[in-house]
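S.K.: Got a file for you: entry20.cif, mmCIF, C-alpha atoms.
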data_target
#
loop_
_atom_site.group_PDB
_atom_site.id
_atom_site.type_symbol
_atom_site.label_atom_id
_atom_site.label_comp_id
_atom_site.auth_asym_id
_atom_site.auth_seq_id
_atom_site.Cartn_x
_atom_site.Cartn_y
_atom_site.Cartn_z
ATOM 1 C CA MET A 1 150.649 64.442 128.847
ATOM 2 C CA THR A 2 153.682 66.503 127.924
ATOM 3 C CA SER A 3 154.052 67.722 124.359
ATOM 4 C CA HIS A 4 157.585 67.787 122.982
ATOM 5 C CA THR A 5 157.161 70.500 120.383
ATOM 6 C CA ILE A 6 159.949 72.672 119.073
ATOM 7 C CA PRO A 7 159.102 76.367 118.786
ATOM 8 C CA HIS A 8 158.789 77.709 115.228
ATOM 9 C CA ALA A 9 161.776 80.017 115.736
ATOM 10 C CA GLU A 10 163.920 76.999 116.692
ATOM 11 C CA ASN A 11 162.822 75.127 113.555
ATOM 12 C CA PHE A 12 163.643 78.158 111.422
ATOM 13 C CA ARG A 13 167.106 78.513 112.981
ATOM 14 C CA ALA A 14 167.807 74.785 112.592
ATOM 15 C CA GLY A 15 166.874 75.001 108.907
ATOM 16 C CA HIS A 16 169.343 77.813 108.346
ATOM 17 C CA GLU A 17 172.085 75.922 110.182
ATOM 18 C CA LEU A 18 171.536 73.013 107.784
ATOM 19 C CA SER A 19 171.620 75.429 104.825
ATOM 20 C CA LEU A 20 167.999 74.631 103.960
ATOM 21 C CA ASP A 21 165.938 77.477 102.572
ATOM 22 C CA HIS A 22 162.181 76.955 102.393
ATOM 23 C CA ARG A 23 161.953 78.826 99.058
ATOM 24 C CA LYS A 24 164.502 76.618 97.340
ATOM 25 C CA LEU A 25 163.129 73.449 98.930
ATOM 26 C CA GLY A 26 159.628 74.400 97.810
ATOM 27 C CA MET A 27 160.875 75.034 94.284
ATOM 28 C CA TRP A 28 162.666 71.665 94.159
ATOM 29 C CA LEU A 29 159.472 69.888 95.272
ATOM 30 C CA PHE A 30 157.422 71.780 92.677
ATOM 31 C CA LEU A 31 159.932 70.931 89.937
ATOM 32 C CA ALA A 32 159.801 67.253 90.928
ATOM 33 C CA SER A 33 156.050 67.284 90.255
ATOM 34 C CA GLU A 34 156.696 69.063 86.946
ATOM 35 C CA VAL A 35 159.125 66.325 85.903
ATOM 36 C CA LEU A 36 156.296 63.804 86.334
ATOM 37 C CA PHE A 37 153.890 66.026 84.383
ATOM 38 C CA PHE A 38 156.195 66.591 81.423
ATOM 39 C CA GLY A 39 157.453 63.007 81.618
ATOM 40 C CA GLY A 40 153.931 61.725 81.016
ATOM 41 C CA LEU A 41 153.394 64.042 78.043
ATOM 42 C CA ILE A 42 156.793 63.202 76.539
ATOM 43 C CA GLY A 43 156.135 59.481 76.967
ATOM 44 C CA THR A 44 152.851 59.850 75.083
ATOM 45 C CA LEU A 45 154.570 61.738 72.258
ATOM 46 C CA LEU A 46 157.299 59.106 71.944
ATOM 47 C CA HIS A 47 154.690 56.348 71.818
ATOM 48 C CA ASP A 48 152.756 58.200 69.108
ATOM 49 C CA LYS A 49 155.900 58.823 67.053
ATOM 50 C CA ALA A 50 156.844 55.154 67.249
ATOM 51 C CA THR A 51 153.423 53.785 66.302
ATOM 52 C CA LEU A 52 151.767 56.367 64.056
ATOM 53 C CA PRO A 53 152.793 58.087 60.813
ATOM 54 C CA THR A 54 153.556 61.788 61.338
ATOM 55 C CA PRO A 55 153.866 63.427 57.896
ATOM 56 C CA GLU A 56 153.132 66.832 59.503
ATOM 57 C CA ALA A 57 156.568 66.680 61.165
ATOM 58 C CA ALA A 58 158.069 67.598 57.777
ATOM 59 C CA LEU A 59 156.465 71.049 58.150
ATOM 60 C CA LEU A 60 158.455 71.876 61.295
ATOM 61 C CA ASP A 61 161.030 74.623 60.783
ATOM 62 C CA THR A 62 164.070 73.246 62.599
ATOM 63 C CA VAL A 63 166.257 76.263 61.756
ATOM 64 C CA LEU A 64 163.774 78.808 63.126
ATOM 65 C CA VAL A 65 163.153 76.765 66.252
ATOM 66 C CA GLY A 66 166.900 76.147 66.609
ATOM 67 C CA LEU A 67 167.438 79.915 66.724
ATOM 68 C CA ASN A 68 164.598 80.211 69.216
ATOM 69 C CA THR A 69 166.246 77.499 71.315
ATOM 70 C CA PHE A 70 169.495 79.478 71.295
ATOM 71 C CA VAL A 71 167.549 82.513 72.570
ATOM 72 C CA LEU A 72 166.141 80.488 75.466
ATOM 73 C CA ILE A 73 169.521 78.983 76.360
ATOM 74 C CA THR A 74 171.034 82.483 76.313
ATOM 75 C CA SER A 75 168.325 83.603 78.736
ATOM 76 C CA SER A 76 169.557 80.942 81.182
ATOM 77 C CA LEU A 77 173.038 82.457 80.948
ATOM 78 C CA MET A 78 171.500 85.820 81.895
ATOM 79 C CA VAL A 79 170.037 84.246 85.039
ATOM 80 C CA VAL A 80 173.442 82.829 85.972
ATOM 81 C CA LEU A 81 175.082 86.229 85.434
ATOM 82 C CA GLY A 82 172.347 87.938 87.455
ATOM 83 C CA LEU A 83 172.822 85.582 90.393
ATOM 84 C CA ASP A 84 176.587 86.066 90.201
ATOM 85 C CA ALA A 85 176.066 89.840 90.218
ATOM 86 C CA ILE A 86 173.946 89.880 93.373
ATOM 87 C CA GLN A 87 176.309 87.437 95.115
ATOM 88 C CA ARG A 88 178.968 90.085 94.536
ATOM 89 C CA GLY A 89 176.619 92.773 95.860
ATOM 90 C CA ARG A 90 175.955 94.299 92.411
ATOM 91 C CA ARG A 91 172.219 95.033 92.474
ATOM 92 C CA ARG A 92 172.257 96.927 89.154
ATOM 93 C CA GLY A 93 173.818 93.905 87.475
ATOM 94 C CA LEU A 94 171.045 91.675 88.812
ATOM 95 C CA ILE A 95 168.394 94.093 87.556
ATOM 96 C CA THR A 96 170.006 94.283 84.115
ATOM 97 C CA PHE A 97 170.338 90.527 83.702
ATOM 98 C CA LEU A 98 166.817 89.836 84.955
ATOM 99 C CA GLY A 99 165.531 92.378 82.420
ATOM 100 C CA LEU A 100 167.452 90.580 79.665
ATOM 101 C CA THR A 101 166.081 87.243 80.869
ATOM 102 C CA ALA A 102 162.506 88.532 80.596
ATOM 103 C CA LEU A 103 163.206 90.063 77.175
ATOM 104 C CA LEU A 104 164.739 86.867 75.779
ATOM 105 C CA GLY A 105 161.876 84.828 77.237
ATOM 106 C CA ALA A 106 159.390 87.139 75.496
ATOM 107 C CA ILE A 107 161.302 86.777 72.211
ATOM 108 C CA PHE A 108 161.140 82.992 72.574
ATOM 109 C CA LEU A 109 157.374 83.187 73.093
ATOM 110 C CA GLY A 110 157.048 85.434 70.036
ATOM 111 C CA GLY A 111 158.917 82.849 67.965
ATOM 112 C CA GLN A 112 156.645 80.115 69.278
ATOM 113 C CA VAL A 113 153.500 82.081 68.381
ATOM 114 C CA PHE A 114 154.922 82.665 64.889
ATOM 115 C CA GLU A 115 155.515 78.921 64.511
ATOM 116 C CA PHE A 116 151.989 78.084 65.703
ATOM 117 C CA ILE A 117 150.450 80.501 63.190
ATOM 118 C CA SER A 118 152.622 79.125 60.388
ATOM 119 C CA LEU A 119 151.686 75.510 61.159
ATOM 120 C CA ALA A 120 148.006 76.362 61.466
ATOM 121 C CA GLY A 121 148.259 77.917 58.011
ATOM 122 C CA HIS A 122 149.374 74.504 56.740
ATOM 123 C CA GLY A 123 146.445 72.791 58.429
ATOM 124 C CA VAL A 124 148.269 71.487 61.500
ATOM 125 C CA THR A 125 145.995 72.234 64.450
ATOM 126 C CA LEU A 126 145.190 70.781 67.847
ATOM 127 C CA GLN A 127 142.333 68.787 66.288
ATOM 128 C CA SER A 128 143.899 67.901 62.921
ATOM 129 C CA SER A 129 145.771 64.757 64.002
ATOM 130 C CA VAL A 130 147.391 62.904 66.893
ATOM 131 C CA PHE A 131 150.653 64.662 65.992
ATOM 132 C CA GLY A 132 148.978 68.082 66.098
ATOM 133 C CA SER A 133 147.369 67.295 69.426
ATOM 134 C CA SER A 134 150.621 66.064 70.982
ATOM 135 C CA PHE A 135 152.689 68.880 69.472
ATOM 136 C CA TYR A 136 150.460 71.747 70.599
ATOM 137 C CA THR A 137 149.851 70.220 74.031
ATOM 138 C CA LEU A 138 153.551 69.770 74.787
ATOM 139 C CA THR A 139 154.876 72.985 73.283
ATOM 140 C CA GLY A 140 151.866 74.953 74.489
ATOM 141 C CA PHE A 141 152.275 73.851 78.092
ATOM 142 C CA HIS A 142 155.970 74.595 77.870
ATOM 143 C CA GLY A 143 155.190 78.039 76.460
ATOM 144 C CA LEU A 144 152.857 78.637 79.405
ATOM 145 C CA HIS A 145 155.726 77.790 81.739
ATOM 146 C CA VAL A 146 157.972 80.255 79.898
ATOM 147 C CA LEU A 147 155.274 82.945 80.243
ATOM 148 C CA ILE A 148 155.062 82.268 83.983
ATOM 149 C CA GLY A 149 158.864 82.477 84.082
ATOM 150 C CA VAL A 150 158.876 85.837 82.300
ATOM 151 C CA ILE A 151 156.397 87.151 84.868
ATOM 152 C CA GLY A 152 158.579 85.661 87.613
ATOM 153 C CA ALA A 153 161.643 87.392 86.184
ATOM 154 C CA LEU A 154 159.821 90.737 86.213
ATOM 155 C CA VAL A 155 158.573 90.222 89.787
ATOM 156 C CA THR A 156 162.095 89.282 90.901
ATOM 157 C CA LEU A 157 163.427 92.321 89.053
ATOM 158 C CA MET A 158 160.979 94.621 90.889
ATOM 159 C CA LYS A 159 162.009 93.120 94.221
ATOM 160 C CA ALA A 160 165.652 93.660 93.270
ATOM 161 C CA ALA A 161 164.917 97.284 92.399
ATOM 162 C CA ARG A 162 163.406 97.735 95.878
ATOM 163 C CA GLY A 163 166.591 96.363 97.450
ATOM 164 C CA THR A 164 165.119 93.043 98.609
ATOM 165 C CA TYR A 165 168.187 91.050 97.562
ATOM 166 C CA THR A 166 171.728 91.466 98.838
ATOM 167 C CA ALA A 167 175.003 89.578 98.647
ATOM 168 C CA GLN A 168 173.948 87.779 101.842
ATOM 169 C CA GLU A 169 170.227 87.275 101.085
ATOM 170 C CA HIS A 170 169.356 86.189 97.550
ATOM 171 C CA ALA A 171 167.567 82.842 97.944
ATOM 172 C CA GLY A 172 164.581 84.244 96.044
ATOM 173 C CA VAL A 173 166.815 84.796 93.013
ATOM 174 C CA GLU A 174 168.165 81.261 93.334
ATOM 175 C CA ALA A 175 164.634 79.826 93.507
ATOM 176 C CA PHE A 176 163.653 81.730 90.360
ATOM 177 C CA GLY A 177 166.837 80.507 88.676
ATOM 178 C CA LEU A 178 165.967 76.885 89.458
ATOM 179 C CA TYR A 179 162.594 77.322 87.769
ATOM 180 C CA TRP A 180 164.048 79.056 84.714
ATOM 181 C CA HIS A 181 166.804 76.485 84.205
ATOM 182 C CA PHE A 182 164.241 73.696 84.526
ATOM 183 C CA VAL A 183 162.112 75.292 81.800
ATOM 184 C CA ASP A 184 165.199 75.521 79.575
ATOM 185 C CA VAL A 185 166.200 71.889 80.155
ATOM 186 C CA VAL A 186 162.663 70.727 79.373
ATOM 187 C CA TRP A 187 162.772 72.687 76.113
ATOM 188 C CA ILE A 188 166.098 71.117 75.102
ATOM 189 C CA VAL A 189 164.496 67.684 75.608
ATOM 190 C CA LEU A 190 161.397 68.721 73.642
ATOM 191 C CA PHE A 191 163.461 70.259 70.831
ATOM 192 C CA THR A 192 165.486 67.068 70.515
ATOM 193 C CA ILE A 193 162.473 64.742 70.533
ATOM 194 C CA ILE A 194 160.118 66.811 68.368
ATOM 195 C CA TYR A 195 162.467 68.452 65.875
ATOM 196 C CA LEU A 196 165.589 66.296 65.665
ATOM 197 C CA ILE A 197 164.455 62.677 66.127
#
Output the file's structure in the form of structure tokens.
M.R.:
Amino acid sequence: MTSHTIPHAENFRAGHELSLDHRKLGMWLFLASEVLFFGGLIGTLLHDKATLPTPEAALLDTVLVGLNTFVLITSSLMVVLGLDAIQRGRRRGLITFLGLTALLGAIFLGGQVFEFISLAGHGVTLQSSVFGSSFYTLTGFHGLHVLIGVIGALVTLMKAARGTYTAQEHAGVEAFGLYWHFVDVVWIVLFTIIYLI
């Protein structure tokens, strides 16, 4: 019985000819699963908001979190500028913008920790109510994703410093950018649902 298998090298070449990069494809598949994860949590929050009283929501500091949201959105701009820099062959630009991305991500996390401490001081905890449980679960998981993104930015930065990325080869930067932009979009949705609606 003859096996009609295509050698791995042929598969790899065919993928490149179709402009498919395994890193970006893998990231898209991962993000699809994350959409389902966050979608379930957001659906639960919306149900709770529609059916249960949430007086604790009055304690949320929309101005502070609005500023924190601006910081996170600005970090996405840094990723865009970093990718543009390496596409033009400017490695130092990529390193600079990745550093700023990590810094802004860390500032966002600091603002989130400050908010958590402030709310806990008012008695809003994970166990205090359905609102507290939903709020800390959603924002906490998002914060974890931001932390992972900050680490990813630093790892990508170190690779850039070693010369891994060039104007011709920067798919790793693009894959990181997909993750970071996803985290930002999720936060915009969360900010709208939790703080503005």
S.K.: In terms of the shortest atom-to-atom distance over all atoms listed in the file, which of A:Gly105, A:Thr44, A:Thr125, A:Thr164 is closest to Ile148 of chain A?
M.R.: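 Counting all atoms listed in the file, the residue closest to Ile148 of chain A is A:Gly105.
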S.K.: When the PyMOL selection byres ((chain A and resi 129-141) around 12) is applied to the file above, which residues end up in the set, as a PDB file with C-alpha atoms, in the coordinates of the input?
M.R.:
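Everything below was put into expr.pdb:
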ATOM      1  CA  GLU A  34     156.696  69.063  86.946  1.00  0.00           C
ATOM      2  CA  PHE A  37     153.890  66.026  84.383  1.00  0.00           C
ATOM      3  CA  PHE A  38     156.195  66.591  81.423  1.00  0.00           C
ATOM      4  CA  GLY A  39     157.453  63.007  81.618  1.00  0.00           C
ATOM      5  CA  GLY A  40     153.931  61.725  81.016  1.00  0.00           C
ATOM      6  CA  LEU A  41     153.394  64.042  78.043  1.00  0.00           C
ATOM      7  CA  ILE A  42     156.793  63.202  76.539  1.00  0.00           C
ATOM      8  CA  GLY A  43     156.135  59.481  76.967  1.00  0.00           C
ATOM      9  CA  THR A  44     152.851  59.850  75.083  1.00  0.00           C
ATOM     10  CA  LEU A  45     154.570  61.738  72.258  1.00  0.00           C
ATOM     11  CA  LEU A  46     157.299  59.106  71.944  1.00  0.00           C
ATOM     12  CA  HIS A  47     154.690  56.348  71.818  1.00  0.00           C
ATOM     13  CA  ASP A  48     152.756  58.200  69.108  1.00  0.00           C
ATOM     14  CA  LYS A  49     155.900  58.823  67.053  1.00  0.00           C
ATOM     15  CA  ALA A  50     156.844  55.154  67.249  1.00  0.00           C
ATOM     16  CA  THR A  51     153.423  53.785  66.302  1.00  0.00           C
ATOM     17  CA  LEU A  52     151.767  56.367  64.056  1.00  0.00           C
ATOM     18  CA  PRO A  53     152.793  58.087  60.813  1.00  0.00           C
ATOM     19  CA  THR A  54     153.556  61.788  61.338  1.00  0.00           C
ATOM     20  CA  PRO A  55     153.866  63.427  57.896  1.00  0.00           C
ATOM     21  CA  GLU A  56     153.132  66.832  59.503  1.00  0.00           C
ATOM     22  CA  ALA A  57     156.568  66.680  61.165  1.00  0.00           C
ATOM     23  CA  ALA A  58     158.069  67.598  57.777  1.00  0.00           C
ATOM     24  CA  LEU A  59     156.465  71.049  58.150  1.00  0.00           C
ATOM     25  CA  LEU A  60     158.455  71.876  61.295  1.00  0.00           C
ATOM     26  CA  VAL A  65     163.153  76.765  66.252  1.00  0.00           C
ATOM     27  CA  PHE A 108     161.140  82.992  72.574  1.00  0.00           C
ATOM     28  CA  LEU A 109     157.374  83.187  73.093  1.00  0.00           C
ATOM     29  CA  GLY A 111     158.917  82.849  67.965  1.00  0.00           C
ATOM     30  CA  GLN A 112     156.645  80.115  69.278  1.00  0.00           C
ATOM     31  CA  VAL A 113     153.500  82.081  68.381  1.00  0.00           C
ATOM     32  CA  GLU A 115     155.515  78.921  64.511  1.00  0.00           C
ATOM     33  CA  PHE A 116     151.989  78.084  65.703  1.00  0.00           C
ATOM     34  CA  ILE A 117     150.450  80.501  63.190  1.00  0.00           C
ATOM     35  CA  LEU A 119     151.686  75.510  61.159  1.00  0.00           C
ATOM     36  CA  ALA A 120     148.006  76.362  61.466  1.00  0.00           C
ATOM     37  CA  HIS A 122     149.374  74.504  56.740  1.00  0.00           C
ATOM     38  CA  GLY A 123     146.445  72.791  58.429  1.00  0.00           C
ATOM     39  CA  VAL A 124     148.269  71.487  61.500  1.00  0.00           C
ATOM     40  CA  THR A 125     145.995  72.234  64.450  1.00  0.00           C
ATOM     41  CA  LEU A 126     145.190  70.781  67.847  1.00  0.00           C
ATOM     42  CA  GLN A 127     142.333  68.787  66.288  1.00  0.00           C
ATOM     43  CA  SER A 128     143.899  67.901  62.921  1.00  0.00           C
ATOM     44  CA  HIS A 142     155.970  74.595  77.870  1.00  0.00           C
ATOM     45  CA  GLY A 143     155.190  78.039  76.460  1.00  0.00           C
ATOM     46  CA  LEU A 144     152.857  78.637  79.405  1.00  0.00           C
ATOM     47  CA  HIS A 145     155.726  77.790  81.739  1.00  0.00           C
ATOM     48  CA  VAL A 146     157.972  80.255  79.898  1.00  0.00           C
ATOM     49  CA  LEU A 147     155.274  82.945  80.243  1.00  0.00           C
ATOM     50  CA  ILE A 148     155.062  82.268  83.983  1.00  0.00           C
ATOM     51  CA  VAL A 183     162.112  75.292  81.800  1.00  0.00           C
ATOM     52  CA  VAL A 186     162.663  70.727  79.373  1.00  0.00           C
ATOM     53  CA  TRP A 187     162.772  72.687  76.113  1.00  0.00           C
ATOM     54  CA  ILE A 188     166.098  71.117  75.102  1.00  0.00           C
ATOM     55  CA  VAL A 189     164.496  67.684  75.608  1.00  0.00           C
ATOM     56  CA  LEU A 190     161.397  68.721  73.642  1.00  0.00           C
ATOM     57  CA  PHE A 191     163.461  70.259  70.831  1.00  0.00           C
ATOM     58  CA  ILE A 193     162.473  64.742  70.533  1.00  0.00           C
ATOM     59  CA  ILE A 194     160.118  66.811  68.368  1.00  0.00           C
ATOM     60  CA  TYR A 195     162.467  68.452  65.875  1.00  0.00           C
TER      61      TYR A 195
END
S.K.: For the PyMOL selection byres ((chain A and resi 176) around 8), applied here, can you spell out every residue it catches as an MDAnalysis selection string?
M.R.: chainID A and resid 149 152:153 156 172:175 177:180
S.K.: I'd like the neighbourhood of Thr96 of chain A as a compact mmCIF listing (two decimals) with C-alpha atoms, keeping the file's coordinate frame, where a residue qualifies if any of its atoms comes within 12 Å (using all atoms listed in the file), though same-chain residues fewer than 3 positions away should be ignored.
M.R.:
# COMPACT_ATOMS: atom_id res chain seq x y z
CA MET A 78 171.50 85.82 81.90
CA VAL A 79 170.04 84.25 85.04
CA LEU A 81 175.08 86.23 85.43
CA GLY A 82 172.35 87.94 87.46
CA LEU A 83 172.82 85.58 90.39
CA ALA A 85 176.07 89.84 90.22
CA ILE A 86 173.95 89.88 93.37
CA ARG A 90 175.96 94.30 92.41
CA ARG A 91 172.22 95.03 92.47
CA ARG A 92 172.26 96.93 89.15
CA GLY A 93 173.82 93.90 87.48
CA GLY A 99 165.53 92.38 82.42
CA LEU A 100 167.45 90.58 79.67
CA THR A 101 166.08 87.24 80.87
CA ALA A 102 162.51 88.53 80.60
CA LEU A 103 163.21 90.06 77.18
CA ALA A 153 161.64 87.39 86.18
CA LEU A 154 159.82 90.74 86.21
CA THR A 156 162.10 89.28 90.90
CA LEU A 157 163.43 92.32 89.05
CA MET A 158 160.98 94.62 90.89
CA ALA A 160 165.65 93.66 93.27
CA ALA A 161 164.92 97.28 92.40
S.K.: Determine the nearest neighbour of Val35 of chain A from the options A:Ala171, A:Val71, A:Leu196, A:Val185, counting all atoms listed in the file.
M.R.: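 For Val35 of chain A, the nearest of the candidates is A:Val185.
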S.K.: What is the atom CA of Leu77 of chain A-atom CA of His181 of chain A distance in Å, reported with one decimal?
M.R.: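 Computing it gives 9.2 Å between the two atoms.
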S.K.: Compare A:Ser118, A:Asp84, A:Thr192, A:Ile95 by their minimum atom-to-atom distance to Ala167 of chain A, counting all atoms listed in the file, and give me the closest one.
M.R.: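 Closest candidate: A:Asp84.
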S.K.: As AutoDock Vina command-line options, please report the centre and edge lengths, rounded to one decimal in Å, of the axis-aligned box that holds all listed atoms of segment 163-175 of chain A with 5 Å of padding on each of the six sides.
M.R.:
--center_x 169.8 --center_y 88.1 --center_z 97.4 --size_x 20.4 --size_y 26.5 --size_z 18.8
S.K.: Between A:Leu64, A:Ile107, A:Leu25, A:Leu94, single out the one closest to Val80 of chain A, counting only C-alpha atoms.
M.R.: A:Leu94
S.K.: At what distance in Å, to one decimal, does atom CA of Thr69 of chain A lie from atom CA of Gly121 of chain A?
M.R.: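 Atom CA of Thr69 of chain A lies 22.4 Å from atom CA of Gly121 of chain A.
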S.K.: In Å, how far is it from atom CA of Gln87 of chain A to atom CA of Arg23 of chain A?
M.R.: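 Result for atom CA of Gln87 of chain A versus atom CA of Arg23 of chain A: 17.2 Å, one decimal.
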